[in-house]
file final_15.cif (mmCIF, C-alpha atoms and all ligand atoms)
data_model
#
loop_
_atom_site.label_atom_id
_atom_site.label_comp_id
_atom_site.auth_asym_id
_atom_site.auth_seq_id
_atom_site.Cartn_x
_atom_site.Cartn_y
_atom_site.Cartn_z
CA MET S 181 -122.54 44.14 1.74
CA ASN S 182 -125.66 42.34 0.57
CA ILE S 183 -128.40 44.65 -0.62
CA PRO S 184 -131.87 43.12 -1.06
CA VAL S 185 -133.58 44.77 -4.00
CA VAL S 186 -136.58 42.78 -5.30
CA ARG S 187 -137.58 44.78 -8.35
CA LYS S 188 -139.17 43.63 -11.58
CA VAL S 189 -136.50 43.49 -14.25
CA LEU S 190 -138.85 44.97 -16.85
CA GLU S 191 -140.17 47.74 -14.55
CA LYS S 192 -139.03 50.44 -16.98
CA ASN S 193 -141.10 48.91 -19.77
CA ASP S 194 -143.96 48.24 -17.35
CA SER S 195 -144.15 51.88 -16.34
CA ALA S 196 -144.07 53.03 -19.97
CA ALA S 197 -146.89 50.54 -20.63
CA ALA S 198 -148.86 52.02 -17.73
CA GLU S 199 -148.40 55.48 -19.28
CA ASN S 200 -149.66 54.09 -22.59
CA ARG S 201 -152.71 52.66 -20.84
CA ALA S 202 -153.47 56.06 -19.34
CA MET S 203 -152.96 57.71 -22.74
CA PHE S 204 -155.30 55.17 -24.37
CA GLU S 205 -157.96 55.92 -21.75
CA ARG S 206 -157.56 59.66 -22.27
CA ARG S 207 -157.79 59.40 -26.04
CA GLY S 208 -160.49 56.75 -26.05
CA ILE S 209 -158.36 54.17 -27.85
CA THR S 210 -158.70 50.40 -27.64
CA CYS S 211 -155.38 48.72 -28.37
CA ILE S 212 -154.84 45.15 -29.55
CA ASN S 213 -151.35 43.62 -29.72
CA LEU S 214 -151.00 41.09 -32.55
CA LEU S 215 -148.33 38.48 -31.92
CA GLY S 216 -147.01 35.31 -33.49
CA GLY S 217 -144.06 33.69 -35.20
CA ALA S 218 -142.49 34.98 -38.41
CA GLY S 219 -144.79 34.48 -41.37
CA CYS S 220 -147.75 33.10 -39.37
CA GLY S 221 -150.05 35.50 -41.26
CA LYS S 222 -150.38 38.60 -39.08
CA THR S 223 -150.26 41.14 -41.90
CA SER S 224 -152.52 39.00 -44.10
CA LEU S 225 -155.06 38.86 -41.27
CA LEU S 226 -154.91 42.65 -40.92
CA GLU S 227 -155.39 43.02 -44.68
CA ALA S 228 -158.50 40.87 -44.46
CA LEU S 229 -159.87 42.56 -41.33
CA LEU S 230 -159.28 46.22 -42.16
CA PRO S 231 -161.74 46.53 -45.07
CA ARG S 232 -164.41 45.17 -42.69
CA LEU S 233 -163.40 47.28 -39.69
CA LYS S 234 -162.54 50.63 -41.23
CA ASP S 235 -166.10 51.51 -42.22
CA ARG S 236 -167.34 50.95 -38.68
CA LEU S 237 -164.45 52.27 -36.58
CA ARG S 238 -161.65 54.79 -36.87
CA VAL S 239 -158.75 52.37 -36.98
CA ALA S 240 -154.99 52.83 -37.16
CA VAL S 241 -152.13 50.34 -37.35
CA LEU S 242 -148.61 50.19 -35.96
CA GLU S 243 -146.31 47.85 -37.83
CA GLY S 244 -143.35 46.49 -35.90
CA ASP S 245 -140.62 45.08 -38.07
CA LEU S 246 -136.93 44.35 -37.91
CA ALA S 247 -135.99 46.09 -41.10
CA THR S 248 -138.27 46.62 -44.10
CA THR S 249 -141.35 48.83 -44.52
CA ARG S 250 -143.14 46.24 -46.68
CA ASP S 251 -145.83 45.37 -44.13
CA ALA S 252 -146.61 49.06 -43.53
CA GLU S 253 -146.93 49.57 -47.30
CA ARG S 254 -149.43 46.71 -47.47
CA ILE S 255 -151.55 48.44 -44.80
CA ALA S 256 -151.18 51.92 -46.34
CA ALA S 257 -152.49 50.48 -49.62
CA LEU S 258 -155.80 49.95 -47.80
CA ARG S 259 -155.89 53.67 -46.93
CA VAL S 260 -155.60 53.04 -43.21
CA PRO S 261 -153.29 55.29 -41.14
CA VAL S 262 -150.15 53.32 -40.33
CA VAL S 263 -146.85 54.05 -38.60
CA GLN S 264 -143.89 51.78 -39.19
CA LEU S 265 -141.77 50.94 -36.17
CA LEU S 266 -138.34 49.66 -37.11
CA THR S 267 -136.67 47.87 -34.23
CA GLU S 268 -133.31 47.74 -36.04
CA GLY S 269 -132.44 44.23 -35.04
CA GLY S 270 -134.49 44.30 -31.83
CA CYS S 271 -136.64 41.19 -31.65
CA HIS S 272 -139.69 42.80 -30.03
CA LEU S 273 -141.64 46.03 -29.67
CA THR S 274 -141.45 47.89 -26.38
CA ALA S 275 -143.94 50.26 -24.77
CA ALA S 276 -141.59 53.12 -25.69
CA HIS S 277 -141.93 52.30 -29.40
CA VAL S 278 -145.69 52.64 -29.09
CA GLN S 279 -145.34 55.85 -27.11
CA ARG S 280 -143.23 57.44 -29.85
CA ALA S 281 -145.56 56.28 -32.61
CA MET S 282 -148.64 57.64 -30.85
CA SER S 283 -147.20 61.14 -30.80
CA GLN S 284 -147.01 61.22 -34.60
CA VAL S 285 -149.75 63.14 -36.39
CA GLU S 286 -150.27 60.45 -39.08
CA ILE S 287 -151.86 58.22 -36.49
CA GLY S 288 -154.82 60.59 -36.06
CA GLN S 289 -157.40 59.86 -33.35
CA PRO S 290 -158.25 56.18 -33.76
CA GLU S 291 -160.81 54.31 -31.68
CA LEU S 292 -159.00 51.07 -32.46
CA LEU S 293 -155.23 50.65 -32.62
CA LEU S 294 -153.94 47.37 -34.02
CA VAL S 295 -150.26 46.75 -33.31
CA GLU S 296 -148.48 44.08 -35.35
CA ASN S 297 -145.53 42.97 -33.27
CA VAL S 298 -142.25 41.65 -34.65
CA GLY S 299 -142.69 38.11 -35.99
CA ASN S 300 -141.23 36.09 -33.13
CA PRO S 301 -142.97 33.65 -30.80
CA VAL S 302 -140.71 34.26 -27.79
CA CYS S 303 -139.47 37.79 -27.12
CA PRO S 304 -142.51 40.05 -27.76
CA ALA S 305 -144.60 38.12 -25.23
CA ASN S 306 -142.34 39.53 -22.49
CA PHE S 307 -143.06 43.19 -23.22
CA ASP S 308 -146.32 44.82 -22.19
CA LEU S 309 -147.23 47.62 -24.60
CA GLY S 310 -150.18 48.82 -22.51
CA GLU S 311 -152.56 46.98 -24.84
CA HIS S 312 -156.08 45.96 -23.81
CA ARG S 313 -155.96 42.56 -25.48
CA ARG S 314 -153.48 40.17 -27.05
CA LEU S 315 -154.37 38.37 -30.24
CA VAL S 316 -151.98 35.54 -31.10
CA VAL S 317 -151.76 33.97 -34.54
CA LEU S 318 -150.57 30.38 -35.02
CA SER S 319 -150.52 28.94 -38.53
CA SER S 320 -151.15 25.32 -39.37
CA ALA S 321 -147.85 25.30 -41.26
CA GLU S 322 -145.93 25.80 -38.00
CA GLY S 323 -146.96 22.49 -36.47
CA ASP S 324 -149.32 21.54 -33.65
CA ASP S 325 -146.69 21.35 -30.90
CA LYS S 326 -146.23 25.11 -30.58
CA VAL S 327 -148.57 25.87 -27.69
CA SER S 328 -146.43 24.01 -25.17
CA LYS S 329 -143.23 25.29 -26.78
CA TYR S 330 -144.19 28.95 -26.38
CA PRO S 331 -146.30 28.94 -23.20
CA LEU S 332 -145.79 32.60 -22.31
CA LEU S 333 -147.16 33.64 -25.70
CA PHE S 334 -150.28 31.48 -25.47
CA ARG S 335 -150.87 31.95 -21.75
CA GLY S 336 -151.02 35.72 -22.27
CA ALA S 337 -153.39 35.52 -25.24
CA HIS S 338 -157.01 36.67 -25.02
CA ALA S 339 -157.77 35.16 -28.41
CA VAL S 340 -155.85 32.82 -30.69
CA VAL S 341 -156.31 32.68 -34.44
CA LEU S 342 -155.39 29.33 -35.99
CA SER S 343 -154.48 30.62 -39.43
CA LYS S 344 -153.97 29.04 -42.87
CA SER S 345 -156.63 26.42 -42.27
CA ASP S 346 -156.68 25.84 -46.05
CA LEU S 347 -153.33 24.09 -45.54
CA LEU S 348 -154.70 21.55 -43.04
CA PRO S 349 -154.97 18.73 -45.65
CA TYR S 350 -151.25 19.06 -46.36
CA VAL S 351 -149.71 19.38 -42.91
CA ASN S 352 -149.81 17.53 -39.59
CA PHE S 353 -151.84 19.91 -37.51
CA ASP S 354 -154.38 18.41 -35.15
CA VAL S 355 -156.74 21.31 -34.42
CA GLY S 356 -158.41 19.45 -31.55
CA ALA S 357 -155.09 18.74 -29.85
CA VAL S 358 -154.03 22.39 -30.22
CA ALA S 359 -157.34 23.56 -28.74
CA ASP S 360 -156.84 21.14 -25.81
CA ASP S 361 -153.31 22.44 -25.21
CA LEU S 362 -154.59 26.01 -25.35
CA ARG S 363 -157.40 25.43 -22.86
CA ARG S 364 -155.02 23.65 -20.54
CA ILE S 365 -152.65 26.59 -20.22
CA ASN S 366 -155.24 29.31 -20.80
CA PRO S 367 -158.78 28.17 -19.96
CA SER S 368 -160.58 31.40 -20.96
CA VAL S 369 -158.93 31.89 -24.37
CA GLU S 370 -161.10 32.38 -27.47
CA ILE S 371 -160.12 30.28 -30.44
CA HIS S 372 -160.75 31.21 -34.08
CA GLN S 373 -159.81 29.57 -37.36
CA THR S 374 -159.09 31.50 -40.54
CA ASP S 375 -158.31 30.83 -44.17
CA ILE S 376 -157.35 34.03 -45.93
CA ARG S 377 -157.30 32.45 -49.39
CA HIS S 378 -161.01 31.68 -49.25
CA GLY S 379 -161.97 34.44 -46.81
CA ARG S 380 -163.10 32.02 -44.10
CA GLY S 381 -163.33 32.89 -40.41
CA ILE S 382 -162.50 36.58 -40.84
CA ASP S 383 -165.95 37.86 -39.85
CA ALA S 384 -165.74 36.07 -36.50
CA VAL S 385 -162.37 37.66 -35.73
CA ALA S 386 -163.72 41.08 -36.77
CA ALA S 387 -166.73 40.53 -34.49
CA TRP S 388 -164.43 39.65 -31.58
CA ILE S 389 -162.45 42.87 -32.17
CA GLU S 390 -165.61 45.00 -32.32
CA HIS S 391 -166.81 43.35 -29.14
CA VAL S 392 -163.50 44.20 -27.43
CA VAL S 393 -163.83 47.82 -28.56
CA SER S 394 -167.33 48.11 -27.11
CA GLU S 395 -166.26 46.40 -23.89
CA CYS S 396 -163.39 48.84 -23.44
CA ARG S 397 -165.65 51.74 -24.31
CA ALA S 398 -168.20 50.64 -21.69
CA GLN S 399 -165.44 50.34 -19.10
CA ARG S 400 -164.22 53.83 -19.86
CA GLY S 401 -167.79 55.13 -19.66
CA ALA S 402 -168.20 53.53 -16.25
CA ALA S 403 -164.91 54.99 -15.02
CA HIS S 404 -165.61 58.55 -16.19
CA PRO S 405 -169.32 59.09 -16.87
CA ALA S 406 -169.33 61.85 -19.48
CA PRO S 407 -172.37 64.16 -19.17
CA CYS S 408 -171.80 65.61 -22.62
CA ALA S 409 -169.72 63.70 -25.10
CA ALA S 410 -167.10 65.86 -26.75
CA ALA S 411 -167.33 65.99 -30.55
CA PRO S 412 -165.12 63.24 -31.93
CA PRO S 413 -161.96 64.59 -33.53
CA GLU S 414 -161.76 64.46 -37.32
CA GLY S 415 -161.09 60.87 -38.39
CA ASP S 416 -158.38 61.94 -40.78
CA ALA S 417 -157.51 58.87 -42.83
CA ARG S 418 -155.02 61.02 -44.86
CA MET Y 1252 -133.04 38.47 -28.55
CA HIS Y 1253 -134.67 39.70 -25.36
CA GLU Y 1254 -131.64 38.59 -23.31
CA SER Y 1255 -129.78 41.81 -24.12
CA ALA Y 1256 -132.70 44.04 -23.10
CA ILE Y 1257 -133.00 42.12 -19.84
CA ALA Y 1258 -129.25 42.24 -19.17
CA GLN Y 1259 -129.27 46.01 -19.72
CA ASN Y 1260 -132.09 46.44 -17.20
CA LEU Y 1261 -130.34 44.22 -14.64
CA VAL Y 1262 -127.11 46.19 -14.94
CA ASP Y 1263 -128.89 49.57 -14.70
CA MET Y 1264 -130.96 48.52 -11.69
CA ALA Y 1265 -128.01 46.92 -9.87
CA ALA Y 1266 -125.87 50.01 -10.45
CA SER Y 1267 -128.55 52.40 -9.20
CA SER Y 1268 -129.24 50.26 -6.10
CA ALA Y 1269 -125.50 50.16 -5.30
CA ARG Y 1270 -125.27 53.93 -5.73
CA ALA Y 1271 -128.27 54.45 -3.45
CA HIS Y 1272 -126.37 52.53 -0.76
CA GLY Y 1273 -123.14 54.47 -1.25
CA ALA Y 1274 -121.42 51.50 -2.85
CA SER Y 1275 -119.36 51.84 -5.99
CA ARG Y 1276 -118.67 48.26 -7.05
CA VAL Y 1277 -121.13 45.43 -7.58
CA THR Y 1278 -119.67 41.94 -7.18
CA CYS Y 1279 -122.78 39.81 -7.57
CA VAL Y 1280 -126.25 40.26 -9.10
CA ARG Y 1281 -128.94 37.73 -8.17
CA CYS Y 1282 -132.06 37.31 -10.23
CA ARG Y 1283 -135.04 35.01 -10.40
CA VAL Y 1284 -136.33 33.92 -13.78
CA GLY Y 1285 -139.38 31.81 -14.60
CA THR Y 1286 -138.76 29.17 -17.25
CA MET Y 1287 -141.65 30.54 -19.33
CA ARG Y 1288 -139.47 33.57 -20.05
CA GLN Y 1289 -137.34 31.23 -22.14
CA LEU Y 1290 -134.14 33.06 -21.38
CA ASP Y 1291 -131.02 31.42 -22.68
CA GLU Y 1292 -128.71 31.55 -19.66
CA ALA Y 1293 -125.48 31.55 -21.67
CA MET Y 1294 -126.78 34.38 -23.84
CA LEU Y 1295 -127.92 36.30 -20.77
CA ARG Y 1296 -124.47 35.95 -19.18
CA ASP Y 1297 -122.70 37.09 -22.35
CA ALA Y 1298 -125.03 40.06 -22.69
CA PHE Y 1299 -124.62 40.92 -19.00
CA GLU Y 1300 -120.83 40.86 -19.27
CA LEU Y 1301 -120.96 43.09 -22.32
CA VAL Y 1302 -123.29 45.77 -20.96
CA ALA Y 1303 -121.57 45.73 -17.53
CA GLN Y 1304 -118.21 46.71 -19.02
CA GLY Y 1305 -116.77 49.96 -17.78
CA GLY Y 1306 -119.45 50.46 -15.10
CA PRO Y 1307 -119.93 49.48 -11.44
CA CYS Y 1308 -121.12 45.99 -12.45
CA ALA Y 1309 -118.00 45.14 -14.47
CA ASN Y 1310 -116.80 41.61 -13.57
CA ALA Y 1311 -119.78 41.01 -11.29
CA THR Y 1312 -121.10 37.46 -11.23
CA LEU Y 1313 -124.67 36.87 -12.31
CA ALA Y 1314 -126.61 34.29 -10.29
CA VAL Y 1315 -129.75 33.05 -12.03
CA GLU Y 1316 -132.39 31.05 -10.22
CA GLN Y 1317 -134.78 29.37 -12.66
CA LEU Y 1318 -138.35 28.79 -11.44
CA PRO Y 1319 -140.61 26.29 -13.17
CA LEU Y 1320 -144.17 26.67 -14.37
CA ARG Y 1321 -146.32 24.89 -11.79
CA ALA Y 1322 -148.91 22.35 -12.77
CA ALA Y 1323 -151.46 20.25 -10.93
CA CYS Y 1324 -152.52 16.97 -12.45
CA VAL Y 1325 -156.26 17.05 -13.18
CA HIS Y 1326 -156.35 13.26 -12.95
CA CYS Y 1327 -154.40 12.32 -9.81
CA GLY Y 1328 -153.96 15.69 -8.12
CA VAL Y 1329 -150.16 15.63 -7.92
CA GLN Y 1330 -148.50 19.04 -8.05
CA TYR Y 1331 -145.37 19.36 -10.14
CA GLY Y 1332 -143.12 21.80 -11.97
CA VAL Y 1333 -143.07 21.67 -15.75
CA GLU Y 1334 -139.41 21.11 -16.59
CA GLY Y 1335 -137.94 20.89 -20.07
CA TRP Y 1336 -141.45 21.31 -21.52
CA GLN Y 1337 -142.38 17.89 -20.23
CA TRP Y 1338 -145.98 18.68 -19.47
CA ALA Y 1339 -147.05 15.20 -18.48
CA CYS Y 1340 -147.71 14.29 -14.84
CA PRO Y 1341 -144.64 12.55 -13.39
CA VAL Y 1342 -146.93 10.15 -11.48
CA CYS Y 1343 -149.70 9.07 -13.87
CA GLY Y 1344 -148.19 10.25 -17.15
CA ARG Y 1345 -151.19 12.31 -18.23
CA ILE Y 1346 -151.12 16.01 -18.95
CA GLY Y 1347 -152.26 18.22 -16.08
CA ALA Y 1348 -153.68 21.69 -15.83
CA VAL Y 1349 -151.27 24.56 -15.41
CA GLU Y 1350 -151.41 26.56 -12.19
CA GLY Y 1351 -149.07 29.50 -12.18
CA GLY Y 1352 -145.54 30.72 -11.76
CA GLY Y 1353 -142.89 30.38 -14.41
CA ASP Y 1354 -143.24 34.01 -15.45
CA GLU Y 1355 -141.09 35.56 -12.72
CA LEU Y 1356 -138.46 38.05 -13.80
CA GLU Y 1357 -136.97 39.85 -10.83
CA LEU Y 1358 -133.78 41.30 -9.55
CA VAL Y 1359 -133.53 39.83 -6.04
CA SER Y 1360 -130.39 41.23 -4.44
CA ILE Y 1361 -126.89 42.43 -5.12
CA ASP Y 1362 -123.54 42.22 -3.34
CA ALA Y 1363 -121.75 45.56 -3.42
CA GLU Y 1364 -118.59 47.08 -2.02
CA VAL Y 1365 -117.52 50.57 -1.07
CA GLU Y 1366 -114.15 51.05 -2.71
CA PRO Y 1367 -111.53 52.75 -0.57
N1 LIG S 1401 -152.37 29.35 -47.76
C1 LIG S 1401 -152.44 30.40 -46.97
N2 LIG S 1401 -151.41 31.25 -46.90
C2 LIG S 1401 -151.50 32.31 -46.07
C3 LIG S 1401 -152.65 32.54 -45.26
N3 LIG S 1401 -152.43 33.67 -44.54
C4 LIG S 1401 -151.20 34.11 -44.87
N4 LIG S 1401 -150.63 33.31 -45.81
C5 LIG S 1401 -149.32 33.45 -46.45
O1 LIG S 1401 -148.30 33.35 -45.48
C6 LIG S 1401 -147.19 34.18 -45.84
C7 LIG S 1401 -146.83 35.11 -44.68
O2 LIG S 1401 -147.94 35.97 -44.43
P1 LIG S 1401 -147.80 37.37 -43.70
O3 LIG S 1401 -149.17 37.88 -43.53
O4 LIG S 1401 -146.81 38.24 -44.38
O5 LIG S 1401 -147.22 36.88 -42.31
P2 LIG S 1401 -146.70 37.79 -41.07
O6 LIG S 1401 -147.05 37.03 -39.84
O7 LIG S 1401 -147.23 39.17 -41.20
O8 LIG S 1401 -145.13 37.77 -41.31
P3 LIG S 1401 -144.01 38.67 -40.56
O9 LIG S 1401 -144.60 40.02 -40.33
O10 LIG S 1401 -142.87 38.67 -41.53
O11 LIG S 1401 -143.71 37.92 -39.29
C8 LIG S 1401 -147.62 34.94 -47.08
O12 LIG S 1401 -147.07 34.29 -48.20
C9 LIG S 1401 -149.12 34.83 -47.07
O13 LIG S 1401 -149.69 34.88 -48.34
C10 LIG S 1401 -153.74 31.62 -45.37
O14 LIG S 1401 -154.79 31.73 -44.71
N5 LIG S 1401 -153.57 30.58 -46.21
MG MG S 1402 -146.19 40.98 -41.08
ZN ZN S 1403 -151.28 12.48 -12.51
#
call {"tool": "encode", "arguments": {"input": "final_15.cif", "output": "structure tokens", "more": "lines below"}}
Ligand SMILES: Nc1nc2c(ncn2[C@@H]2O[C@H](COP(=O)(O)OP(=O)(O)OP(=O)(O)O)[C@@H](O)[C@H]2O)c(=O)[nH]1
Ligand SMILES: [Mg+2]
Ligand SMILES: [Zn+2]
result
Amino acid sequence: MNIPVVRKVLEKNDSAAAENRAMFERRGITCINLLGGAGCGKTSLLEALLPRLKDRLRVAVLEGDLATTRDAERIAALRVPVVQLLTEGGCHLTAAHVQRAMSQVEIGQPELLLVENVGNPVCPANFDLGEHRRLVVLSSAEGDDKVSKYPLLFRGAHAVVLSKSDLLPYVNFDVGAVADDLRRINPSVEIHQTDIRHGRGIDAVAAWIEHVVSECRAQRGAAHPAPCAAAPPEGDAR
Amino acid sequence: MHESAIAQNLVDMAASSARAHGASRVTCVRCRVGTMRQLDEAMLRDAFELVAQGGPCANATLAVEQLPLRAACVHCGVQYGVEGWQWACPVCGRIGAVEGGGDELELVSIDAEVEP
């Protein structure tokens, strides 16, 4: 017999992501999923952003990695709460990974949760974590043909950081052409350029993140007008 | 790669749908996949075969329908599917704006049998 089904293949992950979204609303957390290919500069960007963000917001980080804890150690060195998620060969984070991490005490009660996904331009883009925004990093060293090669990644991005702009004189990376490709497949995307070596462009990315946090906060306020704000829980940065 | 996670979900969903209909053996699983998902069909089949072993989907065939990303040329208005990452308009050769689709990922139907 033929049985029509018509179900989303990733419905299990989608429903875990919906639970995460509800949990984020309850706990007042804004979550940003950081994606991009291996070595595009995700951890370096976090290292540059966190000193700017951590004085203004309670921030915590989830580090998704295949095997080592090196990226988490780099974040912990900045005295920011971090939980390492080892996917043990898995090429992407799932909503369940985030769910498990958020039940750990180390994570505290952040207002901003930055999730560094596994370095991979294909798989992670398929898995909703329940995040509010996606920030995608593309480095000039990777080449300027990547937007059309990884359309799901760039189509789902709210902002794109073109990283390692200090390398532009040495590589073939036409920033204008990349921006055109991006706008073609994702007309509303925000585009930033960074150079970690000389500290360029970081403030603009930090400002975008702070703006996202206040947008999400305003949305939550509109959804549940709170007559008396509960005292914020202790921002225990260990 | 994400093929194995997707194969596992397909097998689980097909098996539970068969069970819900009192069937015990799945002979065919049909799914619809947008090309933006960048699933490697050979890898998906291998992964499907592996995770199906020993369960109701063992030896079932997997039918995959690939759906393109749709584009509309901003210059001449022609609508076309982006195939093989050839983004250019097949009529005027220029690159058009992207419209939608290509991100489908659905189980569509299964063929199942009640074993005697
Ligand atoms: N020249 C230059 N190098 C950079 C820049 N940002 C990052 N890098 C270098 O790029 C390499 C990879 O950076 P990471 O931050 O570890 O990249 P990642 O995306 O976190 O890597 P994975 O987590 O392994 O996928 C390191 O050697 C960094 O020093 C930059 O703006 N300019
Ligand atoms: Mg990293
Ligand atoms: Zn045309």
call {"tool": "residues_near_point", "arguments": {"input": "final_15.cif", "point": "(-155.4, 30.8, -22.9)", "cutoff": "7 Å", "atoms": "all atoms listed in the file", "output": "number ranges by chain"}}
result
S: 334-338, 362-363, 365-369
call {"tool": "closest_atom_pairs", "arguments": {"input": "final_15.cif", "of": "chain S", "to": "ligand LIG 1401 (chain S)", "cutoff": "7 Å", "atoms": "all atoms listed in the file", "output": "JSON lines"}}
result
{"residue": "S:Gly216", "atom": "CA", "partner": "S:LIG1401", "partner_atom": "O6", "distance": 6.6}
{"residue": "S:Gly217", "atom": "CA", "partner": "S:LIG1401", "partner_atom": "O11", "distance": 5.9}
{"residue": "S:Ala218", "atom": "CA", "partner": "S:LIG1401", "partner_atom": "O11", "distance": 3.3}
{"residue": "S:Gly219", "atom": "CA", "partner": "S:LIG1401", "partner_atom": "O8", "distance": 3.3}
{"residue": "S:Cys220", "atom": "CA", "partner": "S:LIG1401", "partner_atom": "O6", "distance": 4.0}
{"residue": "S:Gly221", "atom": "CA", "partner": "S:LIG1401", "partner_atom": "O5", "distance": 3.3}
{"residue": "S:Lys222", "atom": "CA", "partner": "S:LIG1401", "partner_atom": "O6", "distance": 3.8}
{"residue": "S:Thr223", "atom": "CA", "partner": "S:LIG1401", "partner_atom": "O7", "distance": 3.7}
{"residue": "S:Ser224", "atom": "CA", "partner": "S:LIG1401", "partner_atom": "O3", "distance": 3.6}
{"residue": "S:Leu225", "atom": "CA", "partner": "S:LIG1401", "partner_atom": "O3", "distance": 6.4}
{"residue": "S:Asp245", "atom": "CA", "partner": "S:LIG1401", "partner_atom": "O9", "distance": 6.8}
{"residue": "S:Asp251", "atom": "CA", "partner": "S:LIG1401", "partner_atom": "O9", "distance": 6.7}
{"residue": "S:Val298", "atom": "CA", "partner": "S:LIG1401", "partner_atom": "O11", "distance": 6.1}
{"residue": "S:Gly299", "atom": "CA", "partner": "S:LIG1401", "partner_atom": "O11", "distance": 3.5}
{"residue": "S:Asn300", "atom": "CA", "partner": "S:LIG1401", "partner_atom": "O11", "distance": 6.9}
{"residue": "S:Ser343", "atom": "CA", "partner": "S:LIG1401", "partner_atom": "O14", "distance": 5.4}
{"residue": "S:Lys344", "atom": "CA", "partner": "S:LIG1401", "partner_atom": "O14", "distance": 3.4}
{"residue": "S:Ser345", "atom": "CA", "partner": "S:LIG1401", "partner_atom": "O14", "distance": 6.1}
{"residue": "S:Asp346", "atom": "CA", "partner": "S:LIG1401", "partner_atom": "N5", "distance": 5.7}
{"residue": "S:Leu347", "atom": "CA", "partner": "S:LIG1401", "partner_atom": "N1", "distance": 5.8}
{"residue": "S:Thr374", "atom": "CA", "partner": "S:LIG1401", "partner_atom": "O14", "distance": 6.0}
{"residue": "S:Asp375", "atom": "CA", "partner": "S:LIG1401", "partner_atom": "O14", "distance": 3.7}
{"residue": "S:Ile376", "atom": "CA", "partner": "S:LIG1401", "partner_atom": "O14", "distance": 3.7}
{"residue": "S:Arg377", "atom": "CA", "partner": "S:LIG1401", "partner_atom": "N5", "distance": 5.2}
call {"tool": "closest_residue", "arguments": {"input": "final_15.cif", "among": "Y:Glu1366, Y:Gly1332, Y:Arg1321, Y:Phe1299", "to": "Leu1261 of chain Y", "atoms": "all atoms listed in the file"}}
result
Y:Phe1299
call {"tool": "residues_around", "arguments": {"input": "final_15.cif", "residues": "Val260 of chain S", "least_positions_apart": "6", "cutoff": "12 Å", "atoms": "all atoms listed in the file", "output": "ChimeraX atom specification"}}
result
/S:226-227,229-235,237-243,252-254,286-288,290,292-294,415-418
call {"tool": "interface_residues", "arguments": {"input": "final_15.cif", "of": "chain S", "to": "chain Y", "cutoff": "9 Å", "atoms": "all atoms listed in the file", "output": "PDB file with C-alpha atoms, in the coordinates of the input"}}
result
ATOM      1  CA  MET S 181    -122.540  44.140   1.740  1.00  0.00           C
ATOM      2  CA  ASN S 182    -125.660  42.340   0.570  1.00  0.00           C
ATOM      3  CA  ILE S 183    -128.400  44.650  -0.620  1.00  0.00           C
ATOM      4  CA  PRO S 184    -131.870  43.120  -1.060  1.00  0.00           C
ATOM      5  CA  VAL S 185    -133.580  44.770  -4.000  1.00  0.00           C
ATOM      6  CA  VAL S 186    -136.580  42.780  -5.300  1.00  0.00           C
ATOM      7  CA  ARG S 187    -137.580  44.780  -8.350  1.00  0.00           C
ATOM      8  CA  LYS S 188    -139.170  43.630 -11.580  1.00  0.00           C
ATOM      9  CA  VAL S 189    -136.500  43.490 -14.250  1.00  0.00           C
ATOM     10  CA  LEU S 190    -138.850  44.970 -16.850  1.00  0.00           C
ATOM     11  CA  GLU S 191    -140.170  47.740 -14.550  1.00  0.00           C
ATOM     12  CA  LYS S 192    -139.030  50.440 -16.980  1.00  0.00           C
ATOM     13  CA  GLY S 269    -132.440  44.230 -35.040  1.00  0.00           C
ATOM     14  CA  GLY S 270    -134.490  44.300 -31.830  1.00  0.00           C
ATOM     15  CA  CYS S 271    -136.640  41.190 -31.650  1.00  0.00           C
ATOM     16  CA  HIS S 272    -139.690  42.800 -30.030  1.00  0.00           C
ATOM     17  CA  VAL S 302    -140.710  34.260 -27.790  1.00  0.00           C
ATOM     18  CA  CYS S 303    -139.470  37.790 -27.120  1.00  0.00           C
ATOM     19  CA  PRO S 304    -142.510  40.050 -27.760  1.00  0.00           C
ATOM     20  CA  ALA S 305    -144.600  38.120 -25.230  1.00  0.00           C
ATOM     21  CA  ASN S 306    -142.340  39.530 -22.490  1.00  0.00           C
ATOM     22  CA  SER S 328    -146.430  24.010 -25.170  1.00  0.00           C
ATOM     23  CA  LYS S 329    -143.230  25.290 -26.780  1.00  0.00           C
ATOM     24  CA  TYR S 330    -144.190  28.950 -26.380  1.00  0.00           C
ATOM     25  CA  PRO S 331    -146.300  28.940 -23.200  1.00  0.00           C
ATOM     26  CA  LEU S 332    -145.790  32.600 -22.310  1.00  0.00           C
ATOM     27  CA  LEU S 333    -147.160  33.640 -25.700  1.00  0.00           C
ATOM     28  CA  ARG S 363    -157.400  25.430 -22.860  1.00  0.00           C
ATOM     29  CA  ARG S 364    -155.020  23.650 -20.540  1.00  0.00           C
ATOM     30  CA  ILE S 365    -152.650  26.590 -20.220  1.00  0.00           C
ATOM     31  CA  ASN S 366    -155.240  29.310 -20.800  1.00  0.00           C
TER      32      ASN S 366
END
call {"tool": "atom_distance", "arguments": {"input": "final_15.cif", "atom1": "atom CA of Met1294 of chain Y", "atom2": "atom CA of Leu1313 of chain Y"}}
result
12.0 Å
call {"tool": "residues_around", "arguments": {"input": "final_15.cif", "residues": "Gly1344 of chain Y", "least_positions_apart": "3", "cutoff": "10 Å", "atoms": "all atoms listed in the file", "output": "PyMOL selection string"}}
result
chain Y and resi 1324+1326-1327+1338-1341+1347
call {"tool": "closest_residue", "arguments": {"input": "final_15.cif", "among": "S:Glu291, S:Val317, S:His312, S:Leu258", "to": "ligand MG 1402 (chain S)", "atoms": "only C-alpha atoms and all ligand atoms"}}
result
S:Val317
call {"tool": "atom_distance", "arguments": {"input": "final_15.cif", "atom1": "atom CA of Glu311 of chain S", "atom2": "atom CA of Asp360 of chain S"}}
result
26.2 Å
